[in-house]
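Worksheet: one structure, shown below.
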Amino acid sequence: MSTAPQLPRAAGVFISFVALLRANGFAVAPEQTIAFLTAIELLGPRGLEDIRQAALATLATPPERRATFDRLFDLHFSGSEAVERADDGEDDETLRLQEEGRGDDEFPLSDDTSESGLTAARAEALVERRFVQLSTSEALRRLSREASRRLPRRRGHRRMRARRGPFADLRRALRDTVRNDGEILRLGYLKRRQRLRKILLLIDVSGSMKQRTEENMKLAHALAQAAPDVEIFTFGTRLTRVTRALRLKRREQALNAAAHLVSDWDGGTRIGDALQAFLAVPRFGGYARGAAVVIVSDGLERGDPSALRDAIAKLSRRAWRVSWLTPLATDPGFRPQTEALAAIEPLVDDLGDGGSSASIVIHVLSLRRRRAA
């Protein structure tokens, strides 16, 4: 009988450090743990700083959580003061779009961009945002009232009784035969049940959309409460899934939870890279299959428009319908002026007004009718 190889006793302190990182919200894969132990063996560390550098190189610590990492490292290896457990972030559901080591290629955010939010930038700016204006508009109340009967539907696999339908209800017919001495007095029918279609909502939280961010997040929360199968992502210089946070019933609690998850509020704009990253993750890309996709963004792209065009083309092939809602389209006679919007206009089903919660709600509630038309 063979036995599994035993790790050296000295490796226990390093493995327990990885467990401490996971307990505090760091996403560390088993392969990274093995790489960490291998690096320790190869370095033959002479001090704690060598161990720290090996951990940083192999455990993929997010830059914005470096301070937490250092405190946990000091606590574990040096016995320094206790560290409060970090908030439960969904690190495995946040993808960074800006590559390391490309600072020379990035456009710095100017003071005008930070104040007005009217221009797009590519550089990453990690900030924390708080939502304070939590009043409910009539548009959100309408969405909550009418979503269950006006959102798009699809045919399910289960069947239900009906007066008319494409399927005969043979089970019911056999029961009636037994009760009526072998005679079938009336043949019943079955039809497919109707289910709400999946909705995928992608919200631009970059600096050029900062005046609409709060209202868009409140609308996302209302939609998550009104429909059972909704997935919500934010994007700027990172792609973050906020569905779980916005499922919380109390809006104040849900928006605060989302605010802690998203770290690229009011930063740069990388729309094409965000959608490419979304499609590259199988779990994320599966959310778009057969879904009504709604993208709320001004389309002020600082990246390569071809990346955006390719991503929208792939998304349109997977989705049931793709709608792009931009605050620039408040005029009924709107024609796209930016290179990015002009590139994706032939690929989307709708290019509409995203300048207010009311216009977005009207569009979402009309998706079922638009498809039928």
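The way I read the labels, and the way they are meant: chains A, B, ... in the order of the structure tokens, residue 1 as the first residue of every chain, and ligand 1 as the first ligand shown, with later ones counted on from there.
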
Practice problem: Name the residues of segment 244-363 of chain A that fall into strand (DSSP E) according to DSSP on the backbone, using the chain letters and numbers of this document, as a list in words. | Solution: Ala292, Val293, Val294, Ile295, Val296, Arg321, Val322, Ser323, Trp324, Leu325, Thr326, Asp350, Leu351, Gly352 and Asp353 of chain A

Residues within 12 Å of Ser366 of chain A, please, as a compact mmCIF listing (two decimals) with N, CA, C and O atoms, in the first residue's frame. Count only C-alpha atoms; anything in the same chain fewer than 2 positions from it doesn't count.
# COMPACT_ATOMS: atom_id res chain seq x y z
N LEU A 143 -39.98 50.07 -12.76
CA LEU A 143 -39.25 48.85 -13.08
C LEU A 143 -39.62 47.73 -12.12
O LEU A 143 -39.83 46.58 -12.53
N GLU A 146 -43.34 46.48 -12.97
CA GLU A 146 -43.68 45.91 -14.27
C GLU A 146 -42.69 44.87 -14.78
O GLU A 146 -42.95 44.26 -15.83
N ALA A 147 -41.59 44.67 -14.07
CA ALA A 147 -40.55 43.77 -14.60
C ALA A 147 -41.06 42.35 -14.80
O ALA A 147 -40.78 41.72 -15.82
N ARG A 149 -43.84 41.08 -15.66
CA ARG A 149 -44.72 40.81 -16.80
C ARG A 149 -44.23 41.41 -18.11
O ARG A 149 -44.76 41.08 -19.18
N ARG A 150 -43.21 42.29 -18.07
CA ARG A 150 -42.78 42.95 -19.30
C ARG A 150 -41.36 42.62 -19.74
O ARG A 150 -40.98 42.94 -20.86
N LEU A 151 -40.59 41.99 -18.89
CA LEU A 151 -39.24 41.62 -19.30
C LEU A 151 -39.31 40.49 -20.33
O LEU A 151 -40.27 39.72 -20.35
N PRO A 152 -38.31 40.36 -21.19
CA PRO A 152 -38.35 39.32 -22.24
C PRO A 152 -38.36 37.93 -21.64
O PRO A 152 -37.79 37.67 -20.59
N ARG A 153 -39.02 37.04 -22.35
CA ARG A 153 -39.16 35.65 -21.89
C ARG A 153 -38.64 34.69 -22.95
O ARG A 153 -38.48 35.04 -24.12
N ALA A 292 -30.35 38.78 -22.80
CA ALA A 292 -30.55 40.16 -23.26
C ALA A 292 -29.43 40.99 -22.66
O ALA A 292 -29.40 41.22 -21.45
N SER A 323 -27.95 45.54 -26.60
CA SER A 323 -28.35 46.96 -26.61
C SER A 323 -27.22 47.78 -26.01
O SER A 323 -26.68 47.43 -24.95
N ASP A 350 -29.56 47.54 -30.77
CA ASP A 350 -30.10 48.85 -30.39
C ASP A 350 -28.94 49.75 -29.98
O ASP A 350 -28.05 49.33 -29.24
N SER A 359 -35.12 56.62 -19.24
CA SER A 359 -34.91 56.12 -20.61
C SER A 359 -34.39 54.69 -20.61
O SER A 359 -34.77 53.88 -21.45
N ILE A 360 -33.53 54.37 -19.64
CA ILE A 360 -33.00 52.99 -19.56
C ILE A 360 -34.12 52.03 -19.19
O ILE A 360 -34.24 50.93 -19.75
N VAL A 361 -34.96 52.41 -18.22
CA VAL A 361 -36.07 51.55 -17.80
C VAL A 361 -37.03 51.33 -18.96
O VAL A 361 -37.49 50.20 -19.20
N ILE A 362 -37.35 52.38 -19.69
CA ILE A 362 -38.24 52.24 -20.85
C ILE A 362 -37.67 51.25 -21.85
O ILE A 362 -38.38 50.40 -22.40
N HIS A 363 -36.38 51.35 -22.11
CA HIS A 363 -35.76 50.43 -23.07
C HIS A 363 -35.79 48.99 -22.57
O HIS A 363 -36.14 48.07 -23.33
N VAL A 364 -35.42 48.77 -21.31
CA VAL A 364 -35.39 47.41 -20.77
C VAL A 364 -36.78 46.79 -20.80
O VAL A 364 -36.95 45.61 -21.17
N ARG A 368 -38.91 42.96 -24.89
CA ARG A 368 -39.76 41.86 -25.36
C ARG A 368 -40.52 42.26 -26.62
O ARG A 368 -40.61 41.49 -27.57
N ARG A 369 -41.05 43.47 -26.63
CA ARG A 369 -41.81 43.94 -27.79
C ARG A 369 -40.88 44.21 -28.98
O ARG A 369 -41.25 43.95 -30.13
N ARG A 370 -39.66 44.70 -28.71
CA ARG A 370 -38.73 44.99 -29.80
C ARG A 370 -38.35 43.71 -30.55
O ARG A 370 -38.25 43.71 -31.77
N ARG A 371 -38.14 42.63 -29.80
CA ARG A 371 -37.76 41.39 -30.46
C ARG A 371 -38.91 40.83 -31.29
O ARG A 371 -38.71 40.31 -32.40
N ALA A 372 -40.13 40.96 -30.75
CA ALA A 372 -41.28 40.45 -31.49
C ALA A 372 -41.49 41.22 -32.78
O ALA A 372 -41.92 40.68 -33.80
N ALA A 373 -41.17 42.54 -32.74
CA ALA A 373 -41.33 43.36 -33.93
C ALA A 373 -40.31 43.00 -35.00
O ALA A 373 -40.55 43.18 -36.16

Practice problem: Name the closest residue to Ala11 of chain A among the candidates A:Thr33, A:Val28, A:Arg195, A:Arg318; distances are taken between atoms, counting only C-alpha atoms. | Solution: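 Selected residue with least distance to Ala11 of chain A: A:Thr33.
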
Quiz prompt | Non-local contacts of segment 168-172 of chain A (8 Å; only C-alpha atoms; under 5 positions in same chain excluded) as a PyMOL selection string | solution = chain A and resi 161+187-190

Practice problem: Give me every alpha helix (DSSP H) residue in segment 195-253 of chain A, going by DSSP on the backbone, as a ChimeraX atom specification. | Solution: /A:210-226,243-246,251-253

Go ahead and write the residues just picked, C-alpha atoms, as a PDB file, in the first residue's frame.
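Result saved to result_21.pdb:
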ATOM      1  CA  LYS A 210     -19.106  59.612 -13.235  1.00  0.00           C
ATOM      2  CA  GLN A 211     -22.209  61.848 -13.380  1.00  0.00           C
ATOM      3  CA  ARG A 212     -24.379  58.795 -14.162  1.00  0.00           C
ATOM      4  CA  THR A 213     -22.647  56.146 -12.053  1.00  0.00           C
ATOM      5  CA  GLU A 214     -24.788  56.467  -8.929  1.00  0.00           C
ATOM      6  CA  GLU A 215     -28.089  56.382 -10.809  1.00  0.00           C
ATOM      7  CA  ASN A 216     -26.937  53.454 -12.929  1.00  0.00           C
ATOM      8  CA  MET A 217     -25.963  51.457  -9.841  1.00  0.00           C
ATOM      9  CA  LYS A 218     -29.330  52.148  -8.214  1.00  0.00           C
ATOM     10  CA  LEU A 219     -31.037  50.959 -11.388  1.00  0.00           C
ATOM     11  CA  ALA A 220     -28.879  47.822 -11.397  1.00  0.00           C
ATOM     12  CA  HIS A 221     -29.960  47.064  -7.825  1.00  0.00           C
ATOM     13  CA  ALA A 222     -33.638  47.530  -8.719  1.00  0.00           C
ATOM     14  CA  LEU A 223     -33.240  45.179 -11.692  1.00  0.00           C
ATOM     15  CA  ALA A 224     -31.456  42.568  -9.570  1.00  0.00           C
ATOM     16  CA  GLN A 225     -34.359  42.628  -7.111  1.00  0.00           C
ATOM     17  CA  ALA A 226     -37.062  42.502  -9.793  1.00  0.00           C
ATOM     18  CA  THR A 243     -24.176  40.548  -8.849  1.00  0.00           C
ATOM     19  CA  ARG A 244     -23.813  39.024  -5.403  1.00  0.00           C
ATOM     20  CA  ALA A 245     -23.569  42.398  -3.701  1.00  0.00           C
ATOM     21  CA  LEU A 246     -26.595  43.818  -5.521  1.00  0.00           C
ATOM     22  CA  ARG A 251     -30.311  49.142  -1.249  1.00  0.00           C
ATOM     23  CA  GLU A 252     -27.982  51.024   1.105  1.00  0.00           C
ATOM     24  CA  GLN A 253     -26.299  47.780   2.130  1.00  0.00           C
TER      25      GLN A 253
END

Quiz item: Asp266 of chain A: which residues within 7 Å, counting only C-alpha atoms, same-chain residues fewer than 4 positions away excluded, as a list in words?
Solution: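 The filter keeps Val205, Ser206, Gly207 and Lys210 of chain A.
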
Requested write-out: all heavy atoms of the selected residues, as a compact mmCIF listing (two decimals), in the first residue's frame:
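Heads up, here's the output in part.txt:
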# COMPACT_ATOMS: atom_id res chain seq x y z
N VAL A 205 -18.10 52.48 -15.40
CA VAL A 205 -17.91 53.31 -14.20
C VAL A 205 -16.66 54.18 -14.33
O VAL A 205 -16.07 54.59 -13.34
CB VAL A 205 -17.83 52.43 -12.93
CG1 VAL A 205 -19.13 51.72 -12.67
CG2 VAL A 205 -16.66 51.44 -13.01
N SER A 206 -16.26 54.46 -15.56
CA SER A 206 -15.06 55.27 -15.78
C SER A 206 -15.34 56.74 -15.48
O SER A 206 -16.49 57.14 -15.21
CB SER A 206 -14.57 55.10 -17.22
OG SER A 206 -15.54 55.58 -18.13
N GLY A 207 -14.28 57.57 -15.55
CA GLY A 207 -14.41 58.97 -15.21
C GLY A 207 -15.37 59.73 -16.11
O GLY A 207 -16.05 60.66 -15.66
N LYS A 210 -18.96 59.45 -14.68
CA LYS A 210 -19.11 59.61 -13.23
C LYS A 210 -20.41 60.31 -12.85
O LYS A 210 -20.94 60.07 -11.77
CB LYS A 210 -17.91 60.38 -12.68
CG LYS A 210 -17.79 61.81 -13.16
CD LYS A 210 -16.48 62.45 -12.70
CE LYS A 210 -16.37 62.50 -11.20
NZ LYS A 210 -15.13 63.19 -10.76

Practice problem: Show which residues sit within 9 Å of Asp310 of chain A, as a list in words. Count only C-alpha atoms, and ignore same-chain residues fewer than 3 positions away. | Solution: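 In the requested form, the answer reads Gly272, Gln276, Pro305, Ser306, Ala307, Ala313, Lys314, Leu315 and Ile344 of chain A.
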
May I have the residues from that selection written out with N, CA and C atoms, as an mmCIF file, in the first residue's frame?
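Output file selection-v7.cif follows:
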data_model
loop_
_atom_site.group_PDB
_atom_site.id
_atom_site.type_symbol
_atom_site.label_atom_id
_atom_site.label_comp_id
_atom_site.auth_asym_id
_atom_site.auth_seq_id
_atom_site.Cartn_x
_atom_site.Cartn_y
_atom_site.Cartn_z
ATOM 1 N N GLY A 272 -13.064 48.028 -24.804
ATOM 2 C CA GLY A 272 -12.754 46.845 -25.598
ATOM 3 C C GLY A 272 -12.036 45.782 -24.790
ATOM 4 N N GLN A 276 -13.371 42.018 -23.932
ATOM 5 C CA GLN A 276 -12.519 40.876 -24.292
ATOM 6 C C GLN A 276 -12.221 40.015 -23.070
ATOM 7 N N PRO A 305 -10.102 50.610 -31.133
ATOM 8 C CA PRO A 305 -11.500 50.336 -31.487
ATOM 9 C C PRO A 305 -11.706 48.947 -32.083
ATOM 10 N N SER A 306 -10.675 48.373 -32.692
ATOM 11 C CA SER A 306 -10.837 47.040 -33.278
ATOM 12 C C SER A 306 -11.086 45.991 -32.206
ATOM 13 N N ALA A 307 -10.483 46.161 -31.014
ATOM 14 C CA ALA A 307 -10.740 45.222 -29.913
ATOM 15 C C ALA A 307 -12.191 45.303 -29.479
ATOM 16 N N ALA A 313 -18.826 41.826 -31.720
ATOM 17 C CA ALA A 313 -19.207 40.813 -32.713
ATOM 18 C C ALA A 313 -19.372 39.445 -32.061
ATOM 19 N N LYS A 314 -18.436 39.079 -31.187
ATOM 20 C CA LYS A 314 -18.546 37.790 -30.488
ATOM 21 C C LYS A 314 -19.741 37.788 -29.542
ATOM 22 N N LEU A 315 -19.943 38.897 -28.864
ATOM 23 C CA LEU A 315 -21.049 38.981 -27.907
ATOM 24 C C LEU A 315 -22.395 38.874 -28.617
ATOM 25 N N ILE A 344 -19.170 49.934 -33.729
ATOM 26 C CA ILE A 344 -20.047 48.884 -33.202
ATOM 27 C C ILE A 344 -21.508 49.085 -33.602
#

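Of the listed residues A:Trp324, A:Tyr287, A:Phe167, A:Phe26, the one whose atoms come nearest to Pro62 of chain A is A:Phe26, with distances taken using only C-alpha atoms.
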
Practice problem: Please identify all polymer residues within 8 Å of Leu275 of chain A, counting only C-alpha atoms, omitting same-chain residues fewer than 5 positions from it, and present them as an MDAnalysis selection string. | Solution: chainID A and resid 308 311:312

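Nearest-residue note for Arg22 of chain A: choosing from A:Leu279, A:Leu59, A:Val294, A:Leu174, the minimum distance belongs to A:Leu59, counting only C-alpha atoms.
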